[in-house]
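Printed here is entry.cif (mmCIF, C-alpha atoms):
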```cif
data_coords
#
loop_
_atom_site.group_PDB
_atom_site.id
_atom_site.type_symbol
_atom_site.label_atom_id
_atom_site.label_comp_id
_atom_site.auth_asym_id
_atom_site.auth_seq_id
_atom_site.Cartn_x
_atom_site.Cartn_y
_atom_site.Cartn_z
ATOM 1 C CA LEU X 1 20.281 257.715 -138.913
ATOM 2 C CA GLU X 2 22.728 256.282 -141.407
ATOM 3 C CA ASP X 3 20.356 253.366 -142.034
ATOM 4 C CA ALA X 4 17.550 255.823 -142.813
ATOM 5 C CA PHE X 5 19.602 257.253 -145.676
ATOM 6 C CA THR X 6 19.915 253.843 -147.354
ATOM 7 C CA SER X 7 16.409 254.482 -148.752
ATOM 8 C CA TYR X 8 17.835 257.299 -150.942
ATOM 9 C CA PRO X 9 15.343 259.942 -149.820
ATOM 10 C CA ASP X 10 14.368 262.829 -152.100
ATOM 11 C CA ALA X 11 14.260 265.136 -149.073
ATOM 12 C CA VAL X 12 14.744 265.163 -145.327
ATOM 13 C CA TYR X 13 12.019 266.717 -143.195
ATOM 14 C CA LEU X 14 12.962 267.538 -139.597
ATOM 15 C CA GLN X 15 11.551 269.257 -136.541
ATOM 16 C CA PHE X 16 13.019 269.952 -133.128
ATOM 17 C CA GLU X 17 11.071 267.444 -131.006
ATOM 18 C CA ILE X 18 13.986 265.042 -131.300
ATOM 19 C CA ALA X 19 17.455 265.456 -129.793
ATOM 20 C CA ASP X 20 19.588 268.313 -131.131
ATOM 21 C CA ALA X 21 22.409 265.906 -131.933
ATOM 22 C CA ALA X 22 20.069 263.772 -134.077
ATOM 23 C CA VAL X 23 18.825 266.794 -136.040
ATOM 24 C CA ILE X 24 22.356 268.095 -136.593
ATOM 25 C CA GLU X 25 23.628 264.665 -137.665
ATOM 26 C CA ALA X 26 20.680 264.184 -140.052
ATOM 27 C CA CYS X 27 21.489 267.565 -141.622
ATOM 28 C CA ARG X 28 25.153 266.546 -141.978
ATOM 29 C CA LEU X 29 24.287 263.222 -143.591
ATOM 30 C CA ALA X 30 21.850 264.919 -145.973
ATOM 31 C CA ALA X 31 24.462 267.507 -146.963
ATOM 32 C CA GLU X 32 26.989 264.728 -147.702
ATOM 33 C CA ARG X 33 24.454 263.195 -150.077
ATOM 34 C CA ASP X 34 23.197 266.478 -151.563
ATOM 35 C CA ILE X 35 19.677 265.856 -150.220
ATOM 36 C CA PRO X 36 17.599 268.979 -149.450
ATOM 37 C CA VAL X 37 16.651 269.499 -145.802
ATOM 38 C CA PHE X 38 13.329 271.030 -144.751
ATOM 39 C CA VAL X 39 13.044 272.199 -141.153
ATOM 40 C CA ASP X 40 9.791 272.784 -139.318
ATOM 41 C CA ALA X 41 11.306 274.960 -136.591
ATOM 42 C CA ALA X 42 9.185 273.659 -133.732
ATOM 43 C CA PRO X 43 9.258 273.641 -130.852
ATOM 44 C CA ALA X 44 11.330 276.794 -130.666
ATOM 45 C CA ARG X 45 14.061 277.395 -128.130
ATOM 46 C CA PHE X 46 15.961 280.657 -127.980
ATOM 47 C CA ASP X 47 19.185 278.685 -127.443
ATOM 48 C CA TYR X 48 18.745 276.148 -130.259
ATOM 49 C CA PRO X 49 22.087 275.748 -132.114
ATOM 50 C CA LEU X 50 20.709 276.872 -135.488
ATOM 51 C CA ASP X 51 24.183 277.612 -136.804
ATOM 52 C CA LYS X 52 25.031 273.896 -136.573
ATOM 53 C CA LEU X 53 22.293 272.848 -139.019
ATOM 54 C CA GLY X 54 24.391 273.694 -142.062
ATOM 55 C CA LYS X 55 22.636 274.370 -145.338
ATOM 56 C CA VAL X 56 18.896 273.784 -145.392
ATOM 57 C CA GLU X 57 16.414 274.257 -148.194
ATOM 58 C CA ILE X 58 13.592 275.728 -146.109
ATOM 59 C CA PHE X 59 13.505 276.857 -142.501
ATOM 60 C CA SER X 60 9.887 277.325 -141.440
ATOM 61 C CA PRO X 61 8.836 278.718 -138.047
ATOM 62 C CA ASN X 62 5.357 279.908 -137.152
ATOM 63 C CA GLU X 63 4.774 283.383 -135.697
ATOM 64 C CA THR X 64 5.448 282.377 -132.077
ATOM 65 C CA GLU X 65 8.559 280.406 -132.986
ATOM 66 C CA CYS X 66 9.761 283.314 -135.099
ATOM 67 C CA ARG X 67 9.470 285.620 -132.074
ATOM 68 C CA ILE X 68 11.373 283.177 -129.885
ATOM 69 C CA TYR X 69 14.244 282.887 -132.377
ATOM 70 C CA THR X 70 14.463 286.542 -133.407
ATOM 71 C CA GLY X 71 12.678 288.649 -130.791
ATOM 72 C CA ILE X 72 10.447 289.948 -133.615
ATOM 73 C CA THR X 73 6.750 289.141 -133.870
ATOM 74 C CA PRO X 74 5.861 288.967 -137.585
ATOM 75 C CA SER X 75 2.584 290.869 -137.257
ATOM 76 C CA CYS X 76 2.770 292.584 -140.684
ATOM 77 C CA ASP X 77 4.831 292.343 -143.874
ATOM 78 C CA GLU X 78 7.469 294.766 -142.565
ATOM 79 C CA SER X 79 8.031 292.923 -139.274
ATOM 80 C CA ALA X 80 7.916 289.546 -141.059
ATOM 81 C CA LEU X 81 10.648 290.773 -143.400
ATOM 82 C CA ARG X 82 12.783 291.981 -140.473
ATOM 83 C CA ALA X 83 12.347 288.611 -138.760
ATOM 84 C CA ALA X 84 13.137 286.706 -141.968
ATOM 85 C CA ILE X 85 16.300 288.751 -142.527
ATOM 86 C CA ARG X 86 17.379 288.021 -138.970
ATOM 87 C CA LEU X 87 16.650 284.308 -139.445
ATOM 88 C CA LYS X 88 18.703 284.295 -142.663
ATOM 89 C CA GLY X 89 21.610 285.501 -140.530
ATOM 90 C CA MET X 90 21.073 282.652 -138.060
ATOM 91 C CA VAL X 91 20.355 279.730 -140.422
ATOM 92 C CA GLN X 92 21.920 278.864 -143.771
ATOM 93 C CA ALA X 93 18.507 278.487 -145.415
ATOM 94 C CA LYS X 94 17.719 278.996 -149.067
ATOM 95 C CA TYR X 95 14.199 280.048 -148.057
ATOM 96 C CA ILE X 96 12.645 281.289 -144.854
ATOM 97 C CA VAL X 97 8.928 280.469 -144.815
ATOM 98 C CA ILE X 98 6.966 281.901 -141.908
ATOM 99 C CA LYS X 99 3.648 280.224 -141.181
ATOM 100 C CA MET X 100 1.276 283.037 -140.254
ATOM 101 C CA GLY X 101 -1.905 281.095 -139.475
ATOM 102 C CA GLU X 102 -5.046 282.869 -140.572
ATOM 103 C CA ARG X 103 -2.875 285.401 -142.429
ATOM 104 C CA GLY X 104 -1.323 282.785 -144.732
ATOM 105 C CA ALA X 105 2.405 282.491 -145.270
ATOM 106 C CA PHE X 106 5.434 284.710 -145.863
ATOM 107 C CA MET X 107 8.536 283.663 -147.826
ATOM 108 C CA PHE X 108 11.920 285.381 -148.071
ATOM 109 C CA ASP X 109 14.644 284.134 -150.415
ATOM 110 C CA GLY X 110 17.363 286.588 -149.419
ATOM 111 C CA LYS X 111 16.464 289.104 -152.128
ATOM 112 C CA GLU X 112 12.682 289.307 -152.329
ATOM 113 C CA TYR X 113 9.755 288.445 -150.144
ATOM 114 C CA PHE X 114 6.378 287.059 -151.103
ATOM 115 C CA VAL X 115 3.089 286.924 -149.203
ATOM 116 C CA TYR X 116 0.701 284.026 -149.785
ATOM 117 C CA PRO X 117 -2.848 284.768 -148.653
ATOM 118 C CA PRO X 118 -4.710 282.092 -146.709
ATOM 119 C CA GLU X 119 -7.506 280.004 -148.137
ATOM 120 C CA ASN X 120 -10.993 281.086 -147.118
ATOM 121 C CA VAL X 121 -12.315 278.355 -144.808
ATOM 122 C CA ILE X 122 -14.181 278.172 -141.522
ATOM 123 C CA PRO X 123 -11.738 276.782 -138.946
ATOM 124 C CA VAL X 124 -12.789 274.075 -136.510
ATOM 125 C CA ASP X 125 -9.447 273.083 -134.960
ATOM 126 C CA THR X 126 -5.962 274.398 -135.782
ATOM 127 C CA THR X 127 -4.150 271.451 -134.186
ATOM 128 C CA ALA X 128 -1.471 270.130 -136.587
ATOM 129 C CA ALA X 129 -2.059 272.827 -139.225
ATOM 130 C CA GLY X 130 1.592 273.914 -139.125
ATOM 131 C CA ASP X 131 2.809 270.326 -139.414
ATOM 132 C CA VAL X 132 0.460 269.719 -142.348
ATOM 133 C CA PHE X 133 1.645 272.964 -143.991
ATOM 134 C CA THR X 134 5.334 272.089 -143.762
ATOM 135 C CA ALA X 135 4.836 268.470 -144.820
ATOM 136 C CA ALA X 136 2.796 269.504 -147.886
ATOM 137 C CA MET X 137 5.333 272.207 -148.759
ATOM 138 C CA THR X 138 8.185 269.685 -148.482
ATOM 139 C CA TYR X 139 6.377 267.148 -150.647
ATOM 140 C CA SER X 140 5.450 269.672 -153.326
ATOM 141 C CA ARG X 141 8.887 271.306 -153.438
ATOM 142 C CA ALA X 142 10.558 267.893 -153.734
ATOM 143 C CA GLN X 143 8.140 266.914 -156.528
ATOM 144 C CA ASN X 144 8.204 269.992 -158.747
ATOM 145 C CA GLY X 145 10.989 272.256 -157.483
ATOM 146 C CA ASN X 146 8.797 275.365 -157.454
ATOM 147 C CA ILE X 147 8.752 277.181 -154.111
ATOM 148 C CA HIS X 148 5.693 279.278 -154.981
ATOM 149 C CA SER X 149 3.472 276.341 -155.956
ATOM 150 C CA ALA X 150 4.792 274.433 -152.924
ATOM 151 C CA ILE X 151 3.651 277.176 -150.558
ATOM 152 C CA ARG X 152 0.281 277.504 -152.290
ATOM 153 C CA MET X 153 -0.219 273.728 -151.966
ATOM 154 C CA ALA X 154 0.810 273.921 -148.314
ATOM 155 C CA ASN X 155 -1.726 276.703 -147.694
ATOM 156 C CA ILE X 156 -4.458 274.522 -149.194
ATOM 157 C CA ALA X 157 -3.454 271.456 -147.167
ATOM 158 C CA ALA X 158 -3.356 273.487 -143.934
ATOM 159 C CA ALA X 159 -6.714 275.094 -144.768
ATOM 160 C CA ILE X 160 -8.324 271.694 -145.210
ATOM 161 C CA SER X 161 -6.777 270.469 -141.960
ATOM 162 C CA VAL X 162 -8.230 273.320 -139.873
ATOM 163 C CA THR X 163 -11.746 272.421 -141.041
ATOM 164 C CA ARG X 164 -11.429 269.089 -139.198
ATOM 165 C CA ALA X 165 -11.043 268.200 -135.530
ATOM 166 C CA GLY X 166 -7.976 266.467 -134.197
ATOM 167 C CA ALA X 167 -4.376 266.087 -135.286
ATOM 168 C CA SER X 168 -3.817 262.995 -137.442
ATOM 169 C CA THR X 169 -7.517 262.881 -138.316
ATOM 170 C CA SER X 170 -7.276 266.355 -139.863
ATOM 171 C CA ILE X 171 -4.524 265.533 -142.366
ATOM 172 C CA PRO X 172 -5.869 265.696 -145.924
ATOM 173 C CA THR X 173 -4.894 263.287 -148.673
ATOM 174 C CA LEU X 174 -3.080 264.491 -151.783
ATOM 175 C CA ALA X 175 -6.281 263.848 -153.747
ATOM 176 C CA GLU X 176 -8.238 266.144 -151.406
ATOM 177 C CA VAL X 177 -5.664 268.924 -151.794
ATOM 178 C CA ILE X 178 -5.735 268.618 -155.595
ATOM 179 C CA GLU X 179 -9.540 268.571 -155.615
ATOM 180 C CA PHE X 180 -9.660 271.727 -153.456
ATOM 181 C CA ARG X 181 -7.167 273.444 -155.772
ATOM 182 C CA GLU X 182 -9.142 272.474 -158.891
ATOM 183 C CA LYS X 183 -12.466 273.650 -157.421
ATOM 184 C CA LYS X 184 -10.799 276.934 -156.467
ATOM 185 C CA LYS X 185 -9.521 277.386 -160.048
ATOM 186 C CA VAL X 186 -12.997 276.786 -161.469
ATOM 187 C CA SER X 187 -14.543 279.195 -158.950
ATOM 188 C CA GLU X 188 -11.979 281.903 -159.802
ATOM 189 C CA GLU X 189 -12.517 281.443 -163.534
ATOM 190 C CA LYS X 190 -16.272 282.012 -163.114
ATOM 191 C CA LYS X 191 -15.681 285.406 -161.464
#
```

Mind turning the file's structure into structure tokens?
Amino acid sequence: LEDAFTSYPDAVYLQFEIADAAVIEACRLAAERDIPVFVDAAPARFDYPLDKLGKVEIFSPNETECRIYTGITPSCDESALRAAIRLKGMVQAKYIVIKMGERGAFMFDGKEYFVYPPENVIPVDTTAAGDVFTAAMTYSRAQNGNIHSAIRMANIAAAISVTRAGASTSIPTLAEVIEFREKKKVSEEKK
């Protein structure tokens, strides 16, 4: 892990498919270097030692993971807010971003919450959509520092990914995400 930090990363993106000790150590090393940590909270375990992560920039579960961590299914804005408040008490995260699939995304910053509607696409396969969402959000947030534009970009990237079959084959390029966003702007301006 220490060798990985010799590349001077702009951000650290983690998920829970690796050993707890590795995740916790990566968070510690990032904190020492003032590098923001983005956590895709999958796969969820009710006994995951979330309190040992330290400060993270974004903690992002999907609806099922949210229920496992908090006991609350984020089925509407009110229940998503309750779950996000509970997560804020469990994780030292600047932002809680709940991936809500076909309902878009929900973000809570400790004071306010925001709902980001999904993009209108016809889904083919949702495999990897959450991974694509969190990766795009991490990239965008690290590039421009704006949480709102990062989540909107993540929604677009995930929307493109669900229109394609497979996992790695569904991941869009940055150019495809930008093209989708630009076409959407033009379409909205014509209305």

Give me the residues of range 93-153 of chain X that have any atom at most 7 Å from an atom of range 39-57 of chain X; for each, the nearest atom pair and the distance in Å, rounded to one decimal. Use all atoms listed in the file, sort by chain and number, and format it as a tab-separated table.
```
residue	atom	partner	partner_atom	distance
X:Ala93	CA	X:Val56	CA	4.7
X:Lys94	CA	X:Glu57	CA	5.0
X:Tyr95	CA	X:Glu57	CA	6.2
X:Thr134	CA	X:Asp40	CA	6.3
```

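Residues selected in this file by the PyMOL selection byres ((chain X and resi 167) around 9) comprise Asp125, Thr126, Thr127, Ala128, Ala129, Ser161, Arg164, Ala165, Gly166, Ser168, Thr169, Ser170 and Ile171 of chain X.
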
Output C-alpha atoms for every residue in that selection, as a PDB file, in the frame of the given file.
```
ATOM      1  CA  ASP X 125      -9.447 273.083-134.960  1.00  0.00           C
ATOM      2  CA  THR X 126      -5.962 274.398-135.782  1.00  0.00           C
ATOM      3  CA  THR X 127      -4.150 271.451-134.186  1.00  0.00           C
ATOM      4  CA  ALA X 128      -1.471 270.130-136.587  1.00  0.00           C
ATOM      5  CA  ALA X 129      -2.059 272.827-139.225  1.00  0.00           C
ATOM      6  CA  SER X 161      -6.777 270.469-141.960  1.00  0.00           C
ATOM      7  CA  ARG X 164     -11.429 269.089-139.198  1.00  0.00           C
ATOM      8  CA  ALA X 165     -11.043 268.200-135.530  1.00  0.00           C
ATOM      9  CA  GLY X 166      -7.976 266.467-134.197  1.00  0.00           C
ATOM     10  CA  SER X 168      -3.817 262.995-137.442  1.00  0.00           C
ATOM     11  CA  THR X 169      -7.517 262.881-138.316  1.00  0.00           C
ATOM     12  CA  SER X 170      -7.276 266.355-139.863  1.00  0.00           C
ATOM     13  CA  ILE X 171      -4.524 265.533-142.366  1.00  0.00           C
TER      14      ILE X 171
END
```

Would you give the centre and edge lengths, in Å to one decimal, of a box along x, y and z around the listed atoms of range 137-148 of chain X, with 4 Å added to each side, as JSON?
```
{"center_x": 8.2, "center_y": 273.1, "center_z": -153.6, "size_x": 13.7, "size_y": 20.4, "size_z": 18.3}
```

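CA of Thr6 in chain X lies 10.7 Å from CA of Arg33 in chain X.
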
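Shortest separation to Ile156 in chain X among X:Tyr116, X:Phe59, X:Phe108, X:Phe5 occurs at residue X:Tyr116, atoms counted being all atoms listed in the file.
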
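Restricting the calculation to only C-alpha atoms, the smallest distance between Glu25 in chain X and any of X:Leu1, X:Val37, X:Met107, X:Val91 is found for X:Leu1.
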